[in-house]
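Encoded as structure tokens, the structure appears first; notes follow it.
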Amino acid sequence: MSTNVTVTGAAGQIGYALLFRIASGQLLGPDTKVRLKLLEIPQAVKAAEGTALELFDSAFELLEDIDIYDDPTKAFEGTNIALLVGARPRTKGMERADLLEANGGIFKPQGEAIAAGAANDIKVLVVGNPANTNALIAQSNADGVPAARFTAMTRLDHNRAIAQLAQKTGAAVSDITNMAIWGNHSPSMYPDLFNAKVKGERAWDAVGDENWVANEYIPRVGKRGAEIIEARGASSAASAASAAVDHVYDWVNGTAEGDWVSMAVPSDGSYDVPEGIITSFPVTTSGGEWKIVQGLDVPEFSRERINNTVNELQEERAAVAKLGLVS
Ligand code: NAD
Ligand code: LMR
């Protein structure tokens, strides 16, 4: 048995870093063979073919086949895992509403194609920005597919939050557990140190510096994407691919006992987050399904910031509803 994995934007930067990790078995584990289905726009199909030649040359034992498409219906046919990476970047003079509309033109037909032909166990991860709202558009246009199968990526933010906390406290990355990102994959996201732990101690107490948390840590994590763009001249690619691998691996294989991860998933109303928007929560996974962690401490400091990032997502939902992209 092999698993069909569709990657959109396959000729892009993230695609280039991601495809080799998938083919080597890091996405699904060492016992699962993979058939890759790559989707690109017609102008980039040739470049995707070049990447496919390199994948072939790597002689990965788990890689059974690679097909390249410029038609979403074919690219999603029979697929089990869909990584929606390709998106329309914001260009000069483009307003946020233009960006949402341009991405609607990508994620609406992709949602429809997933509904038309993906496998019954389809799992979707949206990476392309604005990731949460792109995921909402795809999900809203995928009639008959359970909403829970549509997720967006905040795992990069989660990993960044762990790395920054480890550096501040002098702890190892493996000493940090129970990190949670709440909200949107945008600078408004909220990395939560009230529930995160450093060697089992509440991270807020381990740090002991509210000013650092409020004025350095939270903005640093939230704006890390912009910091990378400034330094590299291009947005994060290998770390984004790595986070996508972490997200899907944990969704399929389950989270560690006592710990959780961050995934943007359709809200069920938990923590007073309006139902339906795709927002980041702490989740556990088991048997290929995710569950929002319940009963966590949400003091006023967190509440304010969660409300702020959730409000931003509601505004994005209202904007795409106005464009007729979601119901
Ligand atoms: P890139 O520009 O290098 O590649 C994007 C690729 O998508 C291009 O090859 C393009 O041809 C393709 N594409 C465009 N429209 C398509 C369509 N309709 N169907 C299939 N392919 C299509 O960009 P990148 O650096 O690989 O980043 C991809 C996206 O991921 C961007 O939107 C970026 O902002 C986002 N991103 C998200 C996170 C996150 O944490 N969620 C992190 C980093 C980057
Ligand atoms: C990131 O967090 O690195 C990216 O989402 C930044 C971007 O705008 O592509």
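Residues in the structure tokens are numbered from 1 in each chain, the chains being A, B, ... in the order shown, and ligands are numbered from 1 in the order shown.
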
All residues 8 Å or closer to A:Ile114, only C-alpha atoms, same chain fewer than 6 positions away omitted, as a ChimeraX atom specification: /A:73,76-77,142

Expected answer as a VMD selection string: residues within 8 Å of ligand 2, only C-alpha atoms and all ligand atoms: chain A and resid 89 128 to 130 156 to 157 185 to 186 223 to 226 228 to 229 234 to 237 240

Residues at most 12 Å from A:Asn120, counting only C-alpha atoms, excluding those fewer than 2 positions away in the same chain, as a ChimeraX atom specification? /A:76-81,114-118,122-124,144-146,149

Export, as a PDB file, in the first residue's frame, the selected residues with N, CA, C and O atoms.
ATOM      1  N   PHE A  76      -5.575  16.160  -7.488  1.00  0.00           N
ATOM      2  CA  PHE A  76      -6.141  15.727  -6.199  1.00  0.00           C
ATOM      3  C   PHE A  76      -6.876  14.389  -6.293  1.00  0.00           C
ATOM      4  O   PHE A  76      -7.373  13.891  -5.287  1.00  0.00           O
ATOM      5  N   GLU A  77      -6.944  13.825  -7.479  1.00  0.00           N
ATOM      6  CA  GLU A  77      -7.677  12.566  -7.635  1.00  0.00           C
ATOM      7  C   GLU A  77      -7.012  11.460  -6.804  1.00  0.00           C
ATOM      8  O   GLU A  77      -5.815  11.200  -6.948  1.00  0.00           O
ATOM      9  N   GLY A  78      -7.781  10.878  -5.913  1.00  0.00           N
ATOM     10  CA  GLY A  78      -7.292   9.750  -5.110  1.00  0.00           C
ATOM     11  C   GLY A  78      -6.260  10.145  -4.064  1.00  0.00           C
ATOM     12  O   GLY A  78      -5.620   9.284  -3.461  1.00  0.00           O
ATOM     13  N   THR A  79      -6.109  11.434  -3.810  1.00  0.00           N
ATOM     14  CA  THR A  79      -5.029  11.808  -2.892  1.00  0.00           C
ATOM     15  C   THR A  79      -5.430  11.633  -1.425  1.00  0.00           C
ATOM     16  O   THR A  79      -6.585  11.811  -1.050  1.00  0.00           O
ATOM     17  N   ASN A  80      -4.453  11.243  -0.610  1.00  0.00           N
ATOM     18  CA  ASN A  80      -4.690  11.027   0.822  1.00  0.00           C
ATOM     19  C   ASN A  80      -4.221  12.211   1.656  1.00  0.00           C
ATOM     20  O   ASN A  80      -4.821  12.536   2.682  1.00  0.00           O
ATOM     21  N   ILE A  81      -3.129  12.827   1.221  1.00  0.00           N
ATOM     22  CA  ILE A  81      -2.570  13.975   1.953  1.00  0.00           C
ATOM     23  C   ILE A  81      -2.355  15.092   0.936  1.00  0.00           C
ATOM     24  O   ILE A  81      -1.699  14.868  -0.088  1.00  0.00           O
ATOM     25  N   ILE A 114     -10.749  18.787  -4.487  1.00  0.00           N
ATOM     26  CA  ILE A 114     -10.573  17.834  -3.381  1.00  0.00           C
ATOM     27  C   ILE A 114     -11.901  17.108  -3.137  1.00  0.00           C
ATOM     28  O   ILE A 114     -11.952  15.886  -2.993  1.00  0.00           O
ATOM     29  N   ALA A 115     -12.992  17.882  -3.136  1.00  0.00           N
ATOM     30  CA  ALA A 115     -14.315  17.262  -2.916  1.00  0.00           C
ATOM     31  C   ALA A 115     -14.649  16.288  -4.045  1.00  0.00           C
ATOM     32  O   ALA A 115     -15.245  15.239  -3.820  1.00  0.00           O
ATOM     33  N   ALA A 116     -14.241  16.652  -5.254  1.00  0.00           N
ATOM     34  CA  ALA A 116     -14.617  15.828  -6.409  1.00  0.00           C
ATOM     35  C   ALA A 116     -13.879  14.499  -6.443  1.00  0.00           C
ATOM     36  O   ALA A 116     -14.442  13.493  -6.869  1.00  0.00           O
ATOM     37  N   GLY A 117     -12.640  14.463  -5.977  1.00  0.00           N
ATOM     38  CA  GLY A 117     -11.919  13.218  -6.272  1.00  0.00           C
ATOM     39  C   GLY A 117     -10.926  12.722  -5.250  1.00  0.00           C
ATOM     40  O   GLY A 117     -10.324  11.666  -5.460  1.00  0.00           O
ATOM     41  N   ALA A 118     -10.724  13.435  -4.138  1.00  0.00           N
ATOM     42  CA  ALA A 118      -9.709  12.969  -3.180  1.00  0.00           C
ATOM     43  C   ALA A 118     -10.190  11.691  -2.491  1.00  0.00           C
ATOM     44  O   ALA A 118     -11.381  11.369  -2.505  1.00  0.00           O
ATOM     45  N   ILE A 122      -8.834  11.892   3.091  1.00  0.00           N
ATOM     46  CA  ILE A 122      -8.028  13.079   2.772  1.00  0.00           C
ATOM     47  C   ILE A 122      -7.738  13.950   4.009  1.00  0.00           C
ATOM     48  O   ILE A 122      -8.630  14.217   4.814  1.00  0.00           O
ATOM     49  N   LYS A 123      -6.493  14.378   4.109  1.00  0.00           N
ATOM     50  CA  LYS A 123      -6.082  15.350   5.142  1.00  0.00           C
ATOM     51  C   LYS A 123      -5.409  16.496   4.405  1.00  0.00           C
ATOM     52  O   LYS A 123      -4.528  16.249   3.566  1.00  0.00           O
ATOM     53  N   VAL A 124      -5.799  17.719   4.734  1.00  0.00           N
ATOM     54  CA  VAL A 124      -5.287  18.885   4.003  1.00  0.00           C
ATOM     55  C   VAL A 124      -4.524  19.804   4.960  1.00  0.00           C
ATOM     56  O   VAL A 124      -5.030  20.138   6.043  1.00  0.00           O
ATOM     57  N   GLY A 144     -19.089  17.924   1.272  1.00  0.00           N
ATOM     58  CA  GLY A 144     -19.052  16.486   1.544  1.00  0.00           C
ATOM     59  C   GLY A 144     -17.773  16.035   2.233  1.00  0.00           C
ATOM     60  O   GLY A 144     -17.706  14.909   2.716  1.00  0.00           O
ATOM     61  N   VAL A 145     -16.770  16.911   2.295  1.00  0.00           N
ATOM     62  CA  VAL A 145     -15.547  16.526   3.012  1.00  0.00           C
ATOM     63  C   VAL A 145     -15.663  17.092   4.432  1.00  0.00           C
ATOM     64  O   VAL A 145     -15.956  18.283   4.596  1.00  0.00           O
ATOM     65  N   PRO A 146     -15.453  16.272   5.466  1.00  0.00           N
ATOM     66  CA  PRO A 146     -15.569  16.803   6.829  1.00  0.00           C
ATOM     67  C   PRO A 146     -14.656  18.017   7.035  1.00  0.00           C
ATOM     68  O   PRO A 146     -13.487  17.996   6.623  1.00  0.00           O
ATOM     69  N   ARG A 149     -10.959  17.997   8.241  1.00  0.00           N
ATOM     70  CA  ARG A 149      -9.823  17.547   7.422  1.00  0.00           C
ATOM     71  C   ARG A 149      -9.026  18.721   6.878  1.00  0.00           C
ATOM     72  O   ARG A 149      -7.991  18.528   6.248  1.00  0.00           O
TER      73      ARG A 149
END

A:Trp182 surroundings by only C-alpha atoms, 9 Å radius, close-in-sequence under 4 positions cut, as number ranges by chain: A: 154, 189-192, 262-264, 279-282, 305-306, 309-310

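Closest approach to A:Ser239 among A:Arg90, A:His158, A:Asp259, A:Ile292 is made by A:His158 (distances from only C-alpha atoms).
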
Quick check for you: according to DSSP on this backbone, which residues of stretch 115-190 of chain A are classed as helix (DSSP H, G or I)? Reply as number ranges by chain. A: 115-117, 131-140, 147-149, 155-169, 173-175

Please produce an output containing C-alpha atoms for each residue in the selection, written as a JSON list (two decimals), in the first residue's frame.
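Output contents, as saved in again27.json:
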[["chain", "number", "residue", "atom", "x", "y", "z"],
["A", 115, "ALA", "CA", -14.31, 17.26, -2.92],
["A", 116, "ALA", "CA", -14.62, 15.83, -6.41],
["A", 117, "GLY", "CA", -11.92, 13.22, -6.27],
["A", 131, "ALA", "CA", -2.93, 30.32, 5.36],
["A", 132, "ASN", "CA", -5.87, 30.27, 7.80],
["A", 133, "THR", "CA", -8.24, 32.04, 5.44],
["A", 134, "ASN", "CA", -7.04, 30.11, 2.39],
["A", 135, "ALA", "CA", -7.83, 26.94, 4.33],
["A", 136, "LEU", "CA", -11.28, 28.32, 5.14],
["A", 137, "ILE", "CA", -11.92, 29.03, 1.45],
["A", 138, "ALA", "CA", -10.84, 25.51, 0.41],
["A", 139, "GLN", "CA", -12.90, 23.92, 3.20],
["A", 140, "SER", "CA", -16.01, 25.97, 2.39],
["A", 147, "ALA", "CA", -14.41, 20.31, 7.84],
["A", 148, "ALA", "CA", -11.96, 18.77, 10.32],
["A", 149, "ARG", "CA", -9.82, 17.55, 7.42],
["A", 155, "ARG", "CA", 3.66, 24.78, 13.36],
["A", 156, "LEU", "CA", 6.43, 27.05, 12.14],
["A", 157, "ASP", "CA", 5.29, 29.64, 14.70],
["A", 158, "HIS", "CA", 5.13, 26.88, 17.33],
["A", 159, "ASN", "CA", 8.69, 25.77, 16.52],
["A", 160, "ARG", "CA", 9.92, 29.38, 16.53],
["A", 161, "ALA", "CA", 8.26, 29.94, 19.91],
["A", 162, "ILE", "CA", 10.00, 26.87, 21.35],
["A", 163, "ALA", "CA", 13.39, 27.85, 19.93],
["A", 164, "GLN", "CA", 13.21, 31.42, 21.30],
["A", 165, "LEU", "CA", 12.08, 30.19, 24.72],
["A", 166, "ALA", "CA", 14.86, 27.60, 24.88],
["A", 167, "GLN", "CA", 17.41, 30.28, 24.04],
["A", 168, "LYS", "CA", 16.09, 32.67, 26.71],
["A", 169, "THR", "CA", 15.99, 30.09, 29.50],
["A", 173, "VAL", "CA", 14.61, 22.47, 22.88],
["A", 174, "SER", "CA", 13.62, 19.02, 24.17],
["A", 175, "ASP", "CA", 13.02, 20.51, 27.65]]

From the set A:Asn253, A:Thr32, A:Asn307, A:Asn184, which residue has the shortest atom-to-atom contact distance to ligand 1, counting only C-alpha atoms and all ligand atoms?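 That would be A:Asn184, the residue with the smallest distance to ligand 1.
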
Could you pull out all residues of stretch 7-206 of chain A with a DSSP call of strand (DSSP E) and give them as a ChimeraX atom specification? /A:7-8,33-39,63-69,81-84,123-126,150-152,176-177,181-182,190-191,197-198,201-202

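Between atom CA of A:Ala238 and atom CA of A:Ala59 there is a distance of 21.2 Å.
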
Closest of A:Thr177, A:Ser302, A:Gln110, A:Ser286 to A:Thr6 - atom-to-atom distances counting only C-alpha atoms: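 Nearest to A:Thr6: A:Gln110.
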